[in-house]
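Engineer: Before I ask anything, here is the structure I am working with.
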Protein chains: 2
Amino acid sequence: METQRGITIHATQDGKEHFGEYGNSFSLLDYLSKHTPFTLQAPCGGKGRCGKCKIRIIGGTPSPVTDTERTLLHPDELSAGIRLACMVNPETDLSISLEGEKKVQGNKSFRFSHPLPVDGSLHTLVLELVPPSLEDQRSDHSRLLSALATEGLEVPTPLLLDLPQVLREGKWRVTLIAQKNRVLSILPSTLVEGQSSNPASRIFGVAVDIGTTTVAAYLFDLYTGVHIDSQSELNAQGAFGGDVISRIQYALESLSNLRRLQEKILTQIDELIHRMAIRTGIHPAQICMACIVGNPTMIHLTLGLNPKYIAEAPFIPVTTEPLFVPTHELGLSLSAGGIVRIPPAVSAYVGSDILAGVIASGMATSTMRSALLIDIGTNGEIVLGIGDRFIACSTAAGPAFEGAQITCGMGGVAGAIDGVIRRNLPVLAEGLQGPDSTPCPTHPLSFTTILDAPPVGFCGAGIVDLLAILLETGMVDETGRMLSQEEGKRQGHPLAEWLITYDDEPAFLLVPADKSGTGMPILLTQQDVREIQLAKAAIAAGIRTLLQKANLTFDEIRTLYLAGGFGNYLNPRSAIRIGLIPKELEGKIQSIGNASGLGASLALLSEKTFSLFQQVRERTSYIELSSSPEFQELYVEEMMFPS
Amino acid sequence: METQRGITIHATQDGKEHFGEYGNSFSLLDYLSKHTPFTLQAPCGGKGRCGKCKIRIIGGTPSPVTDTERTLLHPDELSAGIRLACMVNPETDLSISLEGEKKVQGNKSFRFSHPLPVDGSLHTLVLELVPPSLEDQRSDHSRLLSALATEGLEVPTPLLLDLPQVLREGKWRVTLIAQKNRVLSILPSTLVEGQSSNPASRIFGVAVDIGTTTVAAYLFDLYTGVHIDSQSELNAQGAFGGDVISRIQYALESLSNLRRLQEKILTQIDELIHRMAIRTGIHPAQICMACIVGNPTMIHLTLGLNPKYIAEAPFIPVTTEPLFVPTHELGLSLSAGGIVRIPPAVSAYVGSDILAGVIASGMATSTMRSALLIDIGTNGEIVLGIGDRFIACSTAAGPAFEGAQITCGMGGVAGAIDGVIRRNLPVLAEGLQGPDSTPCPTHPLSFTTILDAPPVGFCGAGIVDLLAILLETGMVDETGRMLSQEEGKRQGHPLAEWLITYDDEPAFLLVPADKSGTGMPILLTQQDVREIQLAKAAIAAGIRTLLQKANLTFDEIRTLYLAGGFGNYLNPRSAIRIGLIPKELEGKIQSIGNASGLGASLALLSEKTFSLFQQVRERTSYIELSSSPEFQELYVEEMMFPS
């Protein structure tokens, strides 16, 4: 009995290969996200709306191109074999490549050039054990415990897994690392002494900031507070949706979906840690501690907790408490006795990442004057500090500023346009012709890209810059309407020459196809402007709502801290021009980069800082914007762009 | 591109079905043990030596019958489609059935008719929580903790996994079960109150005795000490070898083998527990505690600990310490906050199961006169109690008494011959003819089987009975030599008629093919006698070694406790006749059934008993027989059968 065997998929990404049986997967996206380690971003969760899960067909016959793909992909893309993974089913064996943007490069995050403060709660102990013999058959564990008799230390059972190897590799001489009365790691002394004369200086920890879009990990020397290495990547859960709500929806479909999301993020964190360990020549068992921050949904998915009630009123997380989770429970490849610190959160939408920002910015301890913290990631969280009290809210701004749901949007990776500026127009205007005419005219706008790579798309900062220019030049009016190609031609402004029609709507062309890194034009559409308009209104209204609640004026605000990758690249003048940040705060804006990562690092290194999270949390009131009439009113007001 | 798909296996056991791809499995045994939940015993570990891993081919073409199978299987078996799974590779899709002997039925273990003592360290707490609202958005965890504020109880993180459901199912009224300051379980009050007016009476625990051959689980009410249910099965690791050494060898081949052995036993324990929960209508979350005993190898494999150094001199286990392992670490489907108590062991070959026997027998507390405990399982462990001190040893007796490595041997399951007796010979001898003649004569021996099922093979007790008769009647001499068929015929004894030739060696036929439950003859071969001879010598020599070490005579022994399933069925007179137990102990032998299971149950229900394990262990000296010259000498002496 021989019948047709299953269909095989051959996939490649970043030079890595995968072979597997397609089985009865729902779509190629479904297959790739469940059965390969590859990362594919699908902000809409595979519903054929975002057009981001692009793959390239190398060989074999896929199912025919769908109308959805004809709408979401450019004809040039289609003819180059680009398809949306969520729309493709293989008809024969397929060979495909994922061009993906897994790595986050050129992230202008902290350099951590100075050691961070440590509080010295760790201690090390070198033990010399008597080797066993037929006359002394005590078990490895008993031998260790009797050598520890006077120390009163507890040895967690997972440390037993490697104990026989560790004792014998170390020739019965071992180094124990303990915190309070718990042994975190047991290392062969040969290993530690081989690296340094002071074993204490070879104990490490990892701070992790799990963003909905990006995951960043920072390796530290736990004794000195010295920053050793960093790694960041797009969140591997990206194929299951771009925002927390679509991830939650996916998780709620079945318990195995929840487990899959958990496995995706834990495997990714483990890989980031492993990579840093290899690069720096340390053994994972030397990494004894981790501190993980993130928004509550990310923390729930990391711990495998049911996120159902985060997504429905009255928005109740399973936990917002500080947790100490044994590494073994999460299966992370740190020391088997290690501890993962999870700092507390405020509410379902204001997480430990925001508290980390409050702490990293100094707002938690310097309470002289009022300050604002805005973290614009996939959501936009805002904290207002007044004295030693805090008011926090979260706006459902959506991931537009992270490039999701934007036609040519992308994350802050190499080739992303992160700044747009106007050339000296009077000079360049000379001899200008429309994009249809040859020779192709020089574009009146120029741009910068991350890592100076050829342009591939826009990250949030680039979009804000471009939109500010379009508003300033009248290409987009205060209601958000973009001039049509015809209206533009009538207007005669040099920029108007670059207005085109795209999918029957106006769009502004920044990079023609032949100048772009992908061979596709890079443009901002009318629809993109609408997405940004909604997002900026939510954040601006959130800021005003907090100030109203606190009866504060903008004058009383000392500083506006802009946290997150987007805040890092963002041009404050452009942000004010599009009304994302109120004009009244001009001159007070300070970008503080990945403040969540810094806050997590501080809490990793110091128990005192870790407990500061709890103090800040207790001093924080949360405003639920969805039930706030003030917010609704301000949101409508902020919908217009400043004139 | 279409090629031949993989080969599919369709397997059935006990009415359960399995379909799967054969892939590149090493043999059908390898496939079945790795990819199906079915149990197949292969005491030799799949090396083609024991002939136990029989399967029946229902459809499809297997690889041709091997010489090994021609040697180990009867021609009638081969013609009935019986094959050895370790020798078969499929050539096409195969359909097979595993006749297996998974269930252990009719085990005459304790009935636990009286409640066992409990020490009341558990307490319950009913909490009434305020439901959340938009005005009170505290997380489930925070809500619980604030209601617990004054209790100082710790909620282990795994309990958070089900917390949202539990709170909402219980309509914000929950019952907490705690031991000291640790919450073991959180139950919806609706569930507990639905079962009984006193929630405290609905908290359960499981005692588990992991034998190399058999796994037994006992469900108890933790408050009353009442025994609720039991389940036992052959150890699911059986396909990886019949004794601890072959399991260790398998585990050492790769880390994934060790993981597989761990998964096999944990899955099995989980299934036993789950089955008892279903049968008795309780929710697994109501089971808050487990106590697991076993020999050190079984405990290592259950915890996933490296057993390497158990198997090589100087025989060092990873741990012999008492452990408290969160159920979550083992993935058992008890309450997620539950605790598994692992009592301590003495040494690499004297485990918590033996200490459990010492405690269950009363030897640990009644120290008036000296006593012996013998647990004959896959190894034979012996403990001599003198006052409040103990001397213990372990003999590498092998699993012969558990039916392994015996031609028609089997575990103590339905149909196993557990007793053989001589009929009233003078009467029955009349008209007797040899087995070759027709009509078939009545056999001069009769037998009993477990559960009175048709005979299928011998369990240990049956073998000992038969061998005692063969020695008594001169069919086997004191050197262990069995009369040949010719010698037998010459001798004229009615039993001699039943001597046959099997594989060119003498054998004694007890049940002809047409009278057996399998259609195969049931017989005891010369080789089987040799196996028993080695095993009984090891145990008898072990007993004498301990007495010599303690300078005791047999007169000074008050009682010999026989523990284990084998001891249960064993006829003490037969045991003395074959020299397994010294004649001097006649009249002092007391079978105490599954004493390990009782000891585990006592330690489950009482912390005091649990700590008694540690006390007994500290008062126990271990004698390593492999390096004892006395033992070597006595072993040679005991090799002969008593005349």
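A note on labels: chains of the structure tokens are A, B, ... as shown, every chain counts residues from 1, and ligands are counted from 1 in their shown order.
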Using only C-alpha atoms, what does the table of chain A residues within 8 Å of chain B look like, with each row giving the shortest atom pair and its distance in Å to one decimal, sorted by chain and ascending number, as JSON lines?
Structural biologist:
{"residue": "A:Met1", "atom": "CA", "partner": "B:Asp93", "partner_atom": "CA", "distance": 7.0}
{"residue": "A:Glu2", "atom": "CA", "partner": "B:Gln4", "partner_atom": "CA", "distance": 6.4}
{"residue": "A:Thr3", "atom": "CA", "partner": "B:Arg5", "partner_atom": "CA", "distance": 6.6}
{"residue": "A:Gln4", "atom": "CA", "partner": "B:Arg5", "partner_atom": "CA", "distance": 6.0}
{"residue": "A:Arg5", "atom": "CA", "partner": "B:Arg5", "partner_atom": "CA", "distance": 3.8}
{"residue": "A:Gly6", "atom": "CA", "partner": "B:Arg5", "partner_atom": "CA", "distance": 6.9}
{"residue": "A:Thr92", "atom": "CA", "partner": "B:Met1", "partner_atom": "CA", "distance": 7.2}
{"residue": "A:Asp93", "atom": "CA", "partner": "B:Met1", "partner_atom": "CA", "distance": 7.1}
{"residue": "A:Pro132", "atom": "CA", "partner": "B:Pro314", "partner_atom": "CA", "distance": 7.0}
{"residue": "A:Ser133", "atom": "CA", "partner": "B:Pro314", "partner_atom": "CA", "distance": 5.4}
{"residue": "A:Leu134", "atom": "CA", "partner": "B:Pro314", "partner_atom": "CA", "distance": 4.9}
{"residue": "A:Gln137", "atom": "CA", "partner": "B:Ile316", "partner_atom": "CA", "distance": 5.8}
{"residue": "A:Arg138", "atom": "CA", "partner": "B:Ile316", "partner_atom": "CA", "distance": 6.6}
{"residue": "A:Ser139", "atom": "CA", "partner": "B:Pro317", "partner_atom": "CA", "distance": 4.8}
{"residue": "A:Asp140", "atom": "CA", "partner": "B:Val318", "partner_atom": "CA", "distance": 4.9}
{"residue": "A:His141", "atom": "CA", "partner": "B:Thr319", "partner_atom": "CA", "distance": 4.8}
{"residue": "A:Ser142", "atom": "CA", "partner": "B:Glu321", "partner_atom": "CA", "distance": 6.4}
{"residue": "A:Thr157", "atom": "CA", "partner": "B:Val325", "partner_atom": "CA", "distance": 7.1}
{"residue": "A:Leu160", "atom": "CA", "partner": "B:Val318", "partner_atom": "CA", "distance": 6.9}
{"residue": "A:Leu161", "atom": "CA", "partner": "B:Leu305", "partner_atom": "CA", "distance": 5.3}
{"residue": "A:Asp162", "atom": "CA", "partner": "B:Asn306", "partner_atom": "CA", "distance": 7.9}
{"residue": "A:Leu163", "atom": "CA", "partner": "B:Val318", "partner_atom": "CA", "distance": 7.1}
{"residue": "A:Pro164", "atom": "CA", "partner": "B:Val318", "partner_atom": "CA", "distance": 6.2}
{"residue": "A:Gly304", "atom": "CA", "partner": "B:Leu161", "partner_atom": "CA", "distance": 7.1}
{"residue": "A:Leu305", "atom": "CA", "partner": "B:Leu161", "partner_atom": "CA", "distance": 5.3}
{"residue": "A:Asn306", "atom": "CA", "partner": "B:Leu161", "partner_atom": "CA", "distance": 6.8}
{"residue": "A:Ala313", "atom": "CA", "partner": "B:Leu134", "partner_atom": "CA", "distance": 7.2}
{"residue": "A:Pro314", "atom": "CA", "partner": "B:Leu134", "partner_atom": "CA", "distance": 4.9}
{"residue": "A:Phe315", "atom": "CA", "partner": "B:Gln137", "partner_atom": "CA", "distance": 6.8}
{"residue": "A:Ile316", "atom": "CA", "partner": "B:Ser139", "partner_atom": "CA", "distance": 5.3}
{"residue": "A:Pro317", "atom": "CA", "partner": "B:Ser139", "partner_atom": "CA", "distance": 4.8}
{"residue": "A:Val318", "atom": "CA", "partner": "B:Asp140", "partner_atom": "CA", "distance": 4.9}
{"residue": "A:Thr319", "atom": "CA", "partner": "B:His141", "partner_atom": "CA", "distance": 4.8}
{"residue": "A:Thr320", "atom": "CA", "partner": "B:Ser139", "partner_atom": "CA", "distance": 5.9}
{"residue": "A:Glu321", "atom": "CA", "partner": "B:Ser142", "partner_atom": "CA", "distance": 6.4}
{"residue": "A:Leu323", "atom": "CA", "partner": "B:Thr157", "partner_atom": "CA", "distance": 7.6}
{"residue": "A:Val325", "atom": "CA", "partner": "B:Thr157", "partner_atom": "CA", "distance": 7.1}
{"residue": "A:His328", "atom": "CA", "partner": "B:Glu329", "partner_atom": "CA", "distance": 7.9}
{"residue": "A:Glu329", "atom": "CA", "partner": "B:Glu329", "partner_atom": "CA", "distance": 6.7}
{"residue": "A:Ser347", "atom": "CA", "partner": "B:Gln137", "partner_atom": "CA", "distance": 7.1}
{"residue": "A:Glu624", "atom": "CA", "partner": "B:Leu134", "partner_atom": "CA", "distance": 7.7}
Engineer: Enumerate as a ChimeraX atom specification all residues of segment 92-154 of chain A assigned to strand (DSSP E or B) by DSSP on the backbone, naming them with the chain letters and numbers the document uses.
Structural biologist: /A:94-97,103,122-128,133,136,154
Engineer: As a PyMOL selection string, please: the residues near Glu607 of chain A (cut-off 12 Å, only C-alpha atoms, same-chain neighbours under 5 positions excluded).
Structural biologist: chain A and resi 117-122+179-180+222+289+291+322+324+341-343+600-602+612-614
Engineer: Could those selected residues go to a file with C-alpha atoms, as a CSV table (one decimal), in the first residue's frame?
Structural biologist:
chain,number,residue,atom,x,y,z
A,117,PRO,CA,25.1,50.0,41.2
A,118,VAL,CA,25.1,46.5,42.8
A,119,ASP,CA,24.0,45.7,46.3
A,120,GLY,CA,26.2,42.7,47.1
A,121,SER,CA,23.6,40.3,48.2
A,122,LEU,CA,25.3,37.4,46.5
A,179,GLN,CA,21.8,34.6,47.6
A,180,LYS,CA,20.6,34.6,51.2
A,222,LEU,CA,26.5,40.7,38.9
A,289,MET,CA,19.8,35.5,37.8
A,291,CYS,CA,15.1,40.1,35.6
A,322,PRO,CA,6.4,40.8,42.1
A,324,PHE,CA,10.5,35.1,41.9
A,341,ARG,CA,12.8,38.2,39.1
A,342,ILE,CA,9.6,39.6,37.7
A,343,PRO,CA,9.0,43.1,38.9
A,600,ALA,CA,15.2,46.0,34.4
A,601,SER,CA,19.0,46.1,34.6
A,602,LEU,CA,19.0,48.1,37.8
A,612,LEU,CA,11.5,50.3,44.5
A,613,PHE,CA,9.2,48.9,41.8
A,614,GLN,CA,6.8,47.8,44.4
Engineer: Which of segment 505-582 of chain A end up as helix (DSSP H, G or I) when DSSP is run on this backbone - answer as an MDAnalysis selection string?
Structural biologist: chainID A and resid 513:515 526:549 554:556 564:569 572:577
Engineer: Would you mind exporting N, CA and C atoms of the selected residues as a short mmCIF file (atom, residue, chain, number, x, y, z; two decimals), in the first residue's frame?
Structural biologist:
data_model
loop_
_atom_site.label_atom_id
_atom_site.label_comp_id
_atom_site.auth_asym_id
_atom_site.auth_seq_id
_atom_site.Cartn_x
_atom_site.Cartn_y
_atom_site.Cartn_z
N ALA A 513 10.95 53.24 -6.93
CA ALA A 513 11.32 51.83 -6.93
C ALA A 513 12.80 51.61 -7.23
N ASP A 514 13.35 52.33 -8.18
CA ASP A 514 14.74 52.07 -8.60
C ASP A 514 15.76 52.59 -7.60
N LYS A 515 15.31 53.37 -6.62
CA LYS A 515 16.24 53.88 -5.61
C LYS A 515 16.11 53.12 -4.28
N GLN A 526 -2.66 57.81 1.97
CA GLN A 526 -3.74 58.47 2.71
C GLN A 526 -4.14 57.62 3.92
N GLN A 527 -4.25 56.30 3.69
CA GLN A 527 -4.65 55.40 4.77
C GLN A 527 -3.63 55.42 5.92
N ASP A 528 -2.34 55.50 5.54
CA ASP A 528 -1.28 55.56 6.57
C ASP A 528 -1.45 56.82 7.42
N VAL A 529 -1.78 57.94 6.75
CA VAL A 529 -1.96 59.19 7.48
C VAL A 529 -3.09 59.03 8.50
N ARG A 530 -4.16 58.32 8.09
CA ARG A 530 -5.29 58.10 9.00
C ARG A 530 -4.84 57.28 10.21
N GLU A 531 -4.03 56.27 9.99
CA GLU A 531 -3.55 55.43 11.10
C GLU A 531 -2.78 56.27 12.12
N ILE A 532 -1.90 57.13 11.57
CA ILE A 532 -1.07 57.97 12.43
C ILE A 532 -1.93 58.98 13.18
N GLN A 533 -2.93 59.47 12.47
CA GLN A 533 -3.82 60.47 13.04
C GLN A 533 -4.53 59.91 14.28
N LEU A 534 -5.04 58.67 14.16
CA LEU A 534 -5.71 58.02 15.29
C LEU A 534 -4.73 57.79 16.45
N ALA A 535 -3.54 57.36 16.11
CA ALA A 535 -2.56 57.01 17.14
C ALA A 535 -2.10 58.25 17.89
N LYS A 536 -1.80 59.30 17.13
CA LYS A 536 -1.29 60.53 17.80
C LYS A 536 -2.38 61.17 18.64
N ALA A 537 -3.64 61.07 18.19
CA ALA A 537 -4.74 61.65 18.95
C ALA A 537 -4.87 60.95 20.30
N ALA A 538 -4.72 59.63 20.29
CA ALA A 538 -4.86 58.86 21.52
C ALA A 538 -3.80 59.29 22.53
N ILE A 539 -2.57 59.45 22.06
CA ILE A 539 -1.50 59.79 22.99
C ILE A 539 -1.64 61.22 23.48
N ALA A 540 -1.89 62.13 22.57
CA ALA A 540 -2.03 63.54 22.98
C ALA A 540 -3.19 63.69 23.95
N ALA A 541 -4.30 62.97 23.69
CA ALA A 541 -5.45 63.07 24.59
C ALA A 541 -5.13 62.43 25.94
N GLY A 542 -4.33 61.35 25.91
CA GLY A 542 -3.92 60.71 27.16
C GLY A 542 -3.13 61.67 28.03
N ILE A 543 -2.20 62.40 27.41
CA ILE A 543 -1.39 63.36 28.16
C ILE A 543 -2.29 64.42 28.80
N ARG A 544 -3.20 64.97 28.00
CA ARG A 544 -4.07 66.03 28.51
C ARG A 544 -5.00 65.51 29.62
N THR A 545 -5.46 64.24 29.45
CA THR A 545 -6.35 63.68 30.47
C THR A 545 -5.63 63.60 31.82
N LEU A 546 -4.37 63.13 31.79
CA LEU A 546 -3.63 63.01 33.05
C LEU A 546 -3.46 64.37 33.70
N LEU A 547 -3.13 65.38 32.87
CA LEU A 547 -2.94 66.71 33.45
C LEU A 547 -4.24 67.26 34.03
N GLN A 548 -5.33 67.04 33.34
CA GLN A 548 -6.64 67.48 33.87
C GLN A 548 -6.93 66.81 35.20
N LYS A 549 -6.71 65.48 35.25
CA LYS A 549 -7.00 64.72 36.48
C LYS A 549 -6.19 65.28 37.65
N PHE A 554 0.68 72.71 31.74
CA PHE A 554 1.92 72.29 31.09
C PHE A 554 3.13 73.01 31.67
N ASP A 555 2.93 74.25 32.14
CA ASP A 555 4.02 75.02 32.73
C ASP A 555 4.66 74.30 33.90
N GLU A 556 3.81 73.56 34.61
CA GLU A 556 4.31 72.91 35.83
C GLU A 556 5.12 71.64 35.55
N GLY A 564 11.66 54.30 24.99
CA GLY A 564 11.40 53.33 23.93
C GLY A 564 12.19 53.65 22.68
N GLY A 565 12.29 52.67 21.82
CA GLY A 565 13.08 52.79 20.60
C GLY A 565 12.56 53.93 19.74
N PHE A 566 11.26 54.06 19.65
CA PHE A 566 10.67 55.10 18.82
C PHE A 566 11.04 56.48 19.34
N GLY A 567 10.95 56.63 20.67
CA GLY A 567 11.30 57.90 21.29
C GLY A 567 12.74 58.29 21.01
N ASN A 568 13.57 57.25 20.85
CA ASN A 568 14.98 57.43 20.59
C ASN A 568 15.26 58.12 19.26
N TYR A 569 14.53 57.66 18.23
CA TYR A 569 14.78 58.17 16.89
C TYR A 569 13.96 59.41 16.59
N PRO A 572 11.76 65.58 18.05
CA PRO A 572 10.72 66.21 18.88
C PRO A 572 9.96 67.30 18.13
N ARG A 573 10.64 68.03 17.25
CA ARG A 573 9.94 69.09 16.53
C ARG A 573 8.86 68.51 15.63
N SER A 574 9.19 67.39 15.00
CA SER A 574 8.18 66.76 14.14
C SER A 574 7.03 66.24 14.97
N ALA A 575 7.36 65.67 16.14
CA ALA A 575 6.32 65.12 17.01
C ALA A 575 5.35 66.22 17.42
N ILE A 576 5.91 67.39 17.69
CA ILE A 576 5.05 68.51 18.05
C ILE A 576 4.25 68.99 16.83
N ARG A 577 4.93 68.99 15.66
CA ARG A 577 4.26 69.48 14.44
C ARG A 577 3.01 68.66 14.11
#
Engineer: Rounded to one decimal, what separation in Å do you get between atom CA of Arg423 of chain A and atom CA of Ile581 of chain A?
Structural biologist: 25.0 Å
